[in-house]
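Chemist: Got a structure for you, questions after.
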Amino acid sequence: MKIEGKKRLWREYQKEIAEDHYYFARSCVRQQIFPGAEQICVKILQHDLGRDVFDDPGHTTCTGIGYHTDVVQLETIMTVVARQFSLMTNAGYENFAVSCITSFGIYTEILETWHHFPETEEKTREYLRKATGREFKIPVNLAHTSDIFYKFRHEIAQKSRYKLINHNTGEPLRVVEHIGCHYAKMFPHKGVGGAEYPYVLAGLAEALGGEIVDYPERRHCCGFGFRQYVVKANRGYSISASKIKLESMKPYKPDLIVTNCPGCTVFLDRWQYAISEMEGKTYGDNGQGIPVLTFEELTAVCLGYSPWEIGLQMHNVGPEPLLRKMGVPFDPSRKYLGAGGKNIGIPEKPKVLVVE
Amino acid sequence: MKSIAVIGGGVAGMEAAAKLSKMGFSVTLIEKTNQLGGKLNKWHALFPSRRPADEVLNGLKTRVQLGINILLNTEVEHIENDDDGFAIALNQNRMITAHAILLATGFDIFDAGKKEEYGHGIYDNVITSVELEKAFRSGAVKTLQGKTPKKIAFIHCVGSRDEKAGNPHCSKVCCVTGVKQAIELKEMIPDSEIYMFYLDLRMFGRHFEELYKEAQVKHHIQFIRGRLSEAFENQDHTVMIKIEDTLIARPLKMNVDLLVLLVGMQPSGSINKIIHDLELEKEKDGFLKQADKHLAPHKTNIPGVFVIGAASGPKTIEETVNEAGAVTFEIADYLQNKIATKILKNENSFI
């Protein structure tokens, strides 16, 4: 593989990412599935990077899942998005930072639609006015939070206590990056690195010392694909898509998978457990899985946050092999202790997948 | 003596310059690179006869030797047009004048890297038809790892008939080029498996259909109707391709040692300045517009400016050479009429 060819594309696909003062738009699902990820995202931006982030309790879901499963109409989602922008405007912010990839895709698609079909923006303003009496400004900058972490990747690397380097061998850890479809596949120029060879997570992982693995099924669906999972009868497609990816990456012996999409994180993690139960197959060393971390969780581990504080115990595949490779100290006895030392319950051990 | 500036020293320009010179015109042949012959210099053999490209190139070179002012490494910087003709500013502060201009500026080869999902320039063993031709000229086709490829796939219509790539037109010559190259590869590596993935095969020229049949019957080359969705590199540097077989409506996945992209022709980017200066009209697809496709195919919208070859759309060498012959009459006719008009004008003013 010729890295120069990729670099040529990466130079072509760069985007403006605001320097500071973000209105933070949370995801509707991330707080249920990996609740620590968003929390630590805000904490890193505010405390480690010293940025101003407004975490607004007043905003709602973007309704993207409903839109992509045909239960929410275009006019409705546009009005919901307009309301989020109105909250941003009222709070005195201009930079919209989005936590969820699907939401990022929704905001991007709607802004592009309004740009090319101004009458749809006018109509949306009218709907919002009638429904809520609100007005809004278009954000000056729209970025996914992984864009922001990418922008500050060297600063993050500088502050990191642990690197993506095997502390026993000194070798870089092998990182599979998986980018959510809605990040750049619809609008390649809205994503760092474009759609085919995205650089947003690769750049972050490289800055943290890791080595990126480019494997044959890198662009294949993670297994979510909305209808593949949301329609219960289709879930066979979902798990088979994840399996294709896991089989394809296995020969490269990745040490971890890093993602920037709620769906990708869940399915690449959860289906490893399901495949192990269904077929007895595992993809990591010694019957373990390949740890799947969101980019915020990975950054937090590097910055020295406790793995249990950031919620890594909520993953189906245990993070311990990765933590040991990185030389990150952790207390196994505190794994299932929540805030204030309260026991959050110990899950049943899987039959095949080895979890500590 | 009337002077003509021929811009472009490929097949079209060389042949037209030779003919115009033979007719007694003063001809300046302007070529931006350091040699005449254009893209023919990169080619190994020509379809459908597989005649060596050098044979045709040498034939053209022999014809342009006498009486033609050949300017190599020369680029047109600016053109001005008045009643008497054209003032052409060249690089290195040179200037020439001409009574007529013939644009033989050819075409650009599609940059396969623009089809990012195919991985040209990134994956080790994804090459273009132009690079394959270069390998034929060197006498060996190998993978980047130095192995003889045993399983090879060709992808038709790369950068042609592709609106996303900005080229809605058919490049016309790639279908038969692919068939020719597949046969050459099969002869070079008899135990290889070769697959051609096409949208449809346009065997429009004399003996093209026979070549297509020979590829199937004699060489057992597999033709599959389908479009490549994406390519990836495997750990062993082979290329995994994902294609839809559109006849059976099924997806197909295959590993090949070498993937050849049949890249198309697109309008030359180097003549945009000339187009601007002369206010020439272009077609929607960017190629130069012919004044009348049927009755004046070599004229442009500007009197005294003529066009031949791939500058006005994809052409074969045979078509280009024919056009070069035809345009000499058009230019001679134009210059003669111009003289006659001038004499008439002078006589009238005298009266």
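If you're wondering about the labels, chains in the structure tokens are A, B, ... by order shown, residues count from 1 in each chain, ligands from 1 in order shown.
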Hey, list the chain A side of the contact with chain B: 7 Å cut-off, only C-alpha atoms, answer as a PyMOL selection string.

Modeler: chain A and resi 1-3+5-6+196+215-216

Chemist: Can those selected residues be exported to a file as a JSON list (two decimals), in the first residue's frame so that it contains N, CA, C and O atoms?

Modeler:
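Result saved to selection22.json:
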[["chain", "number", "residue", "atom", "x", "y", "z"],
["A", 1, "MET", "N", 0.84, -1.20, 0.00],
["A", 1, "MET", "CA", 0.00, 0.00, 0.00],
["A", 1, "MET", "C", 0.88, 1.25, 0.00],
["A", 1, "MET", "O", 1.89, 1.28, 0.69],
["A", 2, "LYS", "N", 0.47, 2.21, -0.82],
["A", 2, "LYS", "CA", 1.30, 3.42, -0.95],
["A", 2, "LYS", "C", 0.71, 4.54, -0.09],
["A", 2, "LYS", "O", -0.31, 5.11, -0.44],
["A", 3, "ILE", "N", 1.38, 4.83, 1.01],
["A", 3, "ILE", "CA", 0.87, 5.84, 1.95],
["A", 3, "ILE", "C", 0.83, 7.22, 1.29],
["A", 3, "ILE", "O", -0.05, 8.04, 1.61],
["A", 5, "GLY", "N", -0.15, 8.00, -1.62],
["A", 5, "GLY", "CA", -1.44, 8.14, -2.30],
["A", 5, "GLY", "C", -2.53, 8.57, -1.34],
["A", 5, "GLY", "O", -3.37, 9.42, -1.64],
["A", 6, "LYS", "N", -2.50, 8.00, -0.14],
["A", 6, "LYS", "CA", -3.49, 8.38, 0.88],
["A", 6, "LYS", "C", -3.26, 9.82, 1.32],
["A", 6, "LYS", "O", -4.19, 10.60, 1.48],
["A", 196, "GLU", "N", -13.53, 7.74, 1.39],
["A", 196, "GLU", "CA", -12.95, 6.42, 1.11],
["A", 196, "GLU", "C", -11.76, 6.09, 2.01],
["A", 196, "GLU", "O", -11.53, 4.93, 2.32],
["A", 215, "TYR", "N", -7.52, -2.97, 6.33],
["A", 215, "TYR", "CA", -7.83, -4.36, 5.99],
["A", 215, "TYR", "C", -8.91, -4.38, 4.91],
["A", 215, "TYR", "O", -9.62, -3.38, 4.71],
["A", 216, "PRO", "N", -9.05, -5.51, 4.19],
["A", 216, "PRO", "CA", -9.91, -5.52, 2.99],
["A", 216, "PRO", "C", -11.35, -5.06, 3.20],
["A", 216, "PRO", "O", -11.91, -4.42, 2.35]]

Chemist: Within 10 Å of Glu112 (chain A), counting only C-alpha atoms, which residues qualify if same-chain residues fewer than 6 places away don't, as a list in words?

Modeler: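 Residues meeting the cut-off are Ile106, Pro118 and Phe187 of chain A.
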
Chemist: Take the residues just selected and output them with C-alpha atoms as a short mmCIF file (atom, residue, chain, number, x, y, z; two decimals), in the first residue's frame.

Modeler:
data_model
loop_
_atom_site.label_atom_id
_atom_site.label_comp_id
_atom_site.auth_asym_id
_atom_site.auth_seq_id
_atom_site.Cartn_x
_atom_site.Cartn_y
_atom_site.Cartn_z
CA ILE A 106 -28.53 14.98 9.54
CA PRO A 118 -33.46 28.10 0.03
CA PHE A 187 -20.67 14.66 1.73
#

Chemist: Using only C-alpha atoms, which residues sit within 12 Å of Ile179 (chain A) once same-chain residues fewer than 5 positions away are excluded, as an NGL selection string?

Modeler: :A and (100-102 or 144 or 146-147 or 184-185 or 191-202 or 218-222 or 257-265 or 268 or 294-295)

Chemist: Find the spatial neighbours of Asp48 (chain A), counting only C-alpha atoms, within a cut-off of 9 Å - ignore same-chain residues fewer than 2 positions away - and output them as a ChimeraX atom specification.

Modeler: /A:43-46,50-51,156,159,303

Chemist: How about saving the chosen residues, N, CA and C atoms kept, as a tab-separated table (two decimals), in the first residue's frame?

Modeler:
chain	number	residue	atom	x	y	z
A	43	LYS	N	-15.70	16.56	29.39
A	43	LYS	CA	-14.66	16.79	30.41
A	43	LYS	C	-13.30	17.04	29.75
A	44	ILE	N	-12.98	16.26	28.76
A	44	ILE	CA	-11.68	16.44	28.07
A	44	ILE	C	-11.63	17.81	27.40
A	45	LEU	N	-12.73	18.15	26.71
A	45	LEU	CA	-12.74	19.44	26.01
A	45	LEU	C	-12.61	20.60	27.01
A	46	GLN	N	-13.35	20.49	28.12
A	46	GLN	CA	-13.35	21.60	29.09
A	46	GLN	C	-12.09	21.62	29.96
A	50	GLY	N	-9.20	22.90	27.82
A	50	GLY	CA	-9.52	24.27	28.23
A	50	GLY	C	-10.47	24.99	27.29
A	51	ARG	N	-11.35	24.25	26.66
A	51	ARG	CA	-12.28	24.88	25.71
A	51	ARG	C	-13.63	25.15	26.37
A	156	ILE	N	-3.43	16.79	22.54
A	156	ILE	CA	-3.86	15.62	23.34
A	156	ILE	C	-2.67	14.68	23.54
A	159	LYS	N	-0.29	15.84	26.13
A	159	LYS	CA	-0.77	15.72	27.50
A	159	LYS	C	-0.96	14.26	27.93
A	303	LEU	N	-5.08	9.83	28.35
A	303	LEU	CA	-4.87	10.99	29.23
A	303	LEU	C	-4.76	10.58	30.70

Chemist: Can you tell me, as an mmCIF file with all heavy atoms, in the first residue's frame, what residues are no more than 10 Å from Met186 (chain A) when counting only C-alpha atoms, ignoring any on the same chain fewer than 3 positions away?

Modeler:
data_model
loop_
_atom_site.group_PDB
_atom_site.id
_atom_site.type_symbol
_atom_site.label_atom_id
_atom_site.label_comp_id
_atom_site.auth_asym_id
_atom_site.auth_seq_id
_atom_site.Cartn_x
_atom_site.Cartn_y
_atom_site.Cartn_z
ATOM 1 N N GLY A 105 -24.571 13.765 10.301
ATOM 2 C CA GLY A 105 -25.032 13.586 8.923
ATOM 3 C C GLY A 105 -26.329 14.332 8.670
ATOM 4 O O GLY A 105 -26.516 14.974 7.638
ATOM 5 N N THR A 108 -25.627 18.087 8.547
ATOM 6 C CA THR A 108 -24.917 18.400 7.301
ATOM 7 C C THR A 108 -25.892 18.368 6.120
ATOM 8 O O THR A 108 -25.917 19.281 5.288
ATOM 9 C CB THR A 108 -23.790 17.364 7.068
ATOM 10 O OG1 THR A 108 -22.970 17.326 8.228
ATOM 11 C CG2 THR A 108 -22.940 17.717 5.871
ATOM 12 N N GLU A 109 -26.691 17.305 6.066
ATOM 13 C CA GLU A 109 -27.625 17.128 4.951
ATOM 14 C C GLU A 109 -28.645 18.271 4.906
ATOM 15 O O GLU A 109 -28.953 18.815 3.846
ATOM 16 C CB GLU A 109 -28.341 15.776 5.114
ATOM 17 C CG GLU A 109 -29.275 15.426 3.968
ATOM 18 C CD GLU A 109 -30.019 14.113 4.217
ATOM 19 O OE1 GLU A 109 -29.601 13.326 5.086
ATOM 20 O OE2 GLU A 109 -31.031 13.890 3.528
ATOM 21 N N CYS A 181 -20.992 5.720 8.795
ATOM 22 C CA CYS A 181 -21.357 6.022 7.391
ATOM 23 C C CYS A 181 -21.751 7.485 7.196
ATOM 24 O O CYS A 181 -21.435 8.086 6.186
ATOM 25 C CB CYS A 181 -22.537 5.179 6.954
ATOM 26 S SG CYS A 181 -22.184 3.446 6.961
ATOM 27 N N HIS A 182 -22.497 8.028 8.183
ATOM 28 C CA HIS A 182 -23.047 9.367 7.982
ATOM 29 C C HIS A 182 -22.021 10.474 8.206
ATOM 30 O O HIS A 182 -22.348 11.643 8.119
ATOM 31 C CB HIS A 182 -24.264 9.577 8.898
ATOM 32 C CG HIS A 182 -25.399 8.659 8.532
ATOM 33 N ND1 HIS A 182 -26.361 8.267 9.428
ATOM 34 C CD2 HIS A 182 -25.703 8.038 7.376
ATOM 35 C CE1 HIS A 182 -27.213 7.450 8.838
ATOM 36 N NE2 HIS A 182 -26.831 7.294 7.593
ATOM 37 N N TYR A 183 -20.781 10.078 8.500
ATOM 38 C CA TYR A 183 -19.738 11.096 8.725
ATOM 39 C C TYR A 183 -19.357 11.774 7.402
ATOM 40 O O TYR A 183 -19.387 12.996 7.299
ATOM 41 C CB TYR A 183 -18.515 10.456 9.384
ATOM 42 C CG TYR A 183 -17.356 11.417 9.550
ATOM 43 C CD1 TYR A 183 -17.440 12.511 10.409
ATOM 44 C CD2 TYR A 183 -16.164 11.233 8.838
ATOM 45 C CE1 TYR A 183 -16.385 13.396 10.552
ATOM 46 C CE2 TYR A 183 -15.104 12.115 8.979
ATOM 47 C CZ TYR A 183 -15.222 13.196 9.833
ATOM 48 O OH TYR A 183 -14.179 14.071 9.968
ATOM 49 N N HIS A 189 -16.506 16.002 1.397
ATOM 50 C CA HIS A 189 -15.717 17.174 1.783
ATOM 51 C C HIS A 189 -16.058 17.694 3.185
ATOM 52 O O HIS A 189 -15.402 18.600 3.679
ATOM 53 C CB HIS A 189 -15.867 18.285 0.736
ATOM 54 C CG HIS A 189 -15.041 17.995 -0.484
ATOM 55 N ND1 HIS A 189 -13.698 18.272 -0.544
ATOM 56 C CD2 HIS A 189 -15.360 17.408 -1.657
ATOM 57 C CE1 HIS A 189 -13.224 17.882 -1.712
ATOM 58 N NE2 HIS A 189 -14.207 17.357 -2.410
ATOM 59 N N LYS A 190 -17.078 17.114 3.802
ATOM 60 C CA LYS A 190 -17.421 17.531 5.169
ATOM 61 C C LYS A 190 -16.696 16.684 6.219
ATOM 62 O O LYS A 190 -16.909 16.846 7.414
ATOM 63 C CB LYS A 190 -18.938 17.446 5.408
ATOM 64 C CG LYS A 190 -19.761 18.280 4.447
ATOM 65 C CD LYS A 190 -19.535 19.754 4.656
ATOM 66 C CE LYS A 190 -20.343 20.581 3.668
ATOM 67 N NZ LYS A 190 -19.993 21.981 3.676
ATOM 68 N N GLY A 191 -15.895 15.727 5.752
ATOM 69 C CA GLY A 191 -15.174 14.865 6.688
ATOM 70 C C GLY A 191 -13.669 14.991 6.491
ATOM 71 O O GLY A 191 -13.213 15.162 5.364
ATOM 72 N N GLY A 194 -12.025 12.691 3.770
ATOM 73 C CA GLY A 194 -12.978 12.234 2.752
ATOM 74 C C GLY A 194 -13.680 10.950 3.148
ATOM 75 O O GLY A 194 -13.636 10.530 4.314
ATOM 76 N N ALA A 195 -14.336 10.330 2.171
ATOM 77 C CA ALA A 195 -15.195 9.180 2.455
ATOM 78 C C ALA A 195 -14.459 7.845 2.332
ATOM 79 O O ALA A 195 -14.733 6.912 3.071
ATOM 80 C CB ALA A 195 -16.390 9.188 1.510
#

Chemist: Taking 4 positions as the minimum chain separation for residues in the same chain, which residues sit within 12 Å of Lys213 (chain B) when counting only C-alpha atoms? Answer as a list in words.

Modeler: Val176, Val179, Lys180, Ile183, Leu201, Met203, His207, Phe208, Glu209, Val217, Lys218, His219, His220, Ile221, Gln222 and Phe223 of chain B

Chemist: Excluding Asn58 (chain B) and its own-chain neighbours fewer than 5 positions away, which residues fall within 12 Å of it when counting only C-alpha atoms? Please give them as a VMD selection string.

Modeler: chain B and resid 11 14 to 15 36 to 37 40 to 41 52 to 53 63 to 65

Chemist: Go through B:Ile271, B:Leu185, B:Ile308, B:Leu335 and flag the residue nearest Ser3 (chain B), using only C-alpha atoms for the distances.

Modeler: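 Under the stated criterion, the closest residue is B:Leu335.
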
Chemist: Just list as a PyMOL selection string whatever in region 69-174 of chain B DSSP marks as strand (DSSP E or B).

Modeler: chain B and resi 69-71+76-82+85-90+94-98+100-103+107-109+126-128+151-158+162+167

Chemist: Generate a file of the selected residues that holds C-alpha atoms, formatted as a compact mmCIF listing (two decimals), in the first residue's frame.

Modeler:
# COMPACT_ATOMS: atom_id res chain seq x y z
CA ASN B 69 8.86 24.80 -38.51
CA ILE B 70 8.68 22.52 -35.48
CA LEU B 71 8.67 24.22 -32.08
CA VAL B 76 0.87 29.05 -26.30
CA GLU B 77 0.46 31.84 -23.78
CA HIS B 78 -1.86 34.21 -25.57
CA ILE B 79 -3.63 34.57 -28.92
CA GLU B 80 -5.00 37.71 -30.50
CA ASN B 81 -7.27 37.70 -33.50
CA ASP B 82 -7.79 40.49 -36.08
CA GLY B 85 -5.10 36.63 -38.83
CA PHE B 86 -3.67 35.64 -35.50
CA ALA B 87 -0.81 36.84 -33.30
CA ILE B 88 0.34 33.98 -31.10
CA ALA B 89 2.49 34.67 -28.04
CA LEU B 90 4.61 31.70 -27.02
CA ARG B 94 8.46 34.42 -28.66
CA MET B 95 5.77 35.55 -31.06
CA ILE B 96 4.51 34.14 -34.34
CA THR B 97 1.71 35.13 -36.68
CA ALA B 98 -0.59 32.89 -38.68
CA ALA B 100 -5.18 30.25 -39.71
CA ILE B 101 -4.95 28.09 -36.62
CA LEU B 102 -5.49 24.38 -36.45
CA LEU B 103 -6.19 22.99 -32.99
CA PHE B 107 -7.18 14.83 -24.97
CA ASP B 108 -6.21 14.20 -21.36
CA ILE B 109 -6.21 10.74 -19.88
CA VAL B 126 -4.06 -1.40 -9.34
CA ILE B 127 -2.81 0.03 -12.64
CA THR B 128 -4.28 1.83 -15.63
CA LYS B 151 -5.46 -13.68 -12.19
CA ILE B 152 -6.19 -10.35 -13.79
CA ALA B 153 -9.32 -8.21 -13.97
CA PHE B 154 -9.99 -5.33 -16.35
CA ILE B 155 -12.53 -2.66 -15.48
CA HIS B 156 -14.14 -0.89 -18.42
CA CYS B 157 -15.41 2.69 -18.50
CA VAL B 158 -13.17 4.14 -15.76
CA ASP B 162 -19.59 8.40 -15.36
CA ASN B 167 -17.39 12.59 -17.76

Chemist: Just the alpha helix (DSSP H) stuff from region 13-255 of chain A, please, per backbone DSSP, written as a VMD selection string.

Modeler: chain A and resid 30 to 33 35 to 43 64 to 68 74 to 90 101 to 116 118 to 132 145 to 151 153 to 159 181 to 184 200 to 207 227 to 230 235 to 249

Chemist: Pick from A:Ala131, A:Leu323, A:Met314, A:Ala233: nearest to Gly36 (chain A), with only C-alpha atoms counted?

Modeler: A:Met314

Chemist: Take CA of Gly289 (chain A) and CA of Arg161 (chain A) and report the distance between them in Å, one decimal.

Modeler: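 Rounded to one decimal, the two atoms are 25.0 Å apart.
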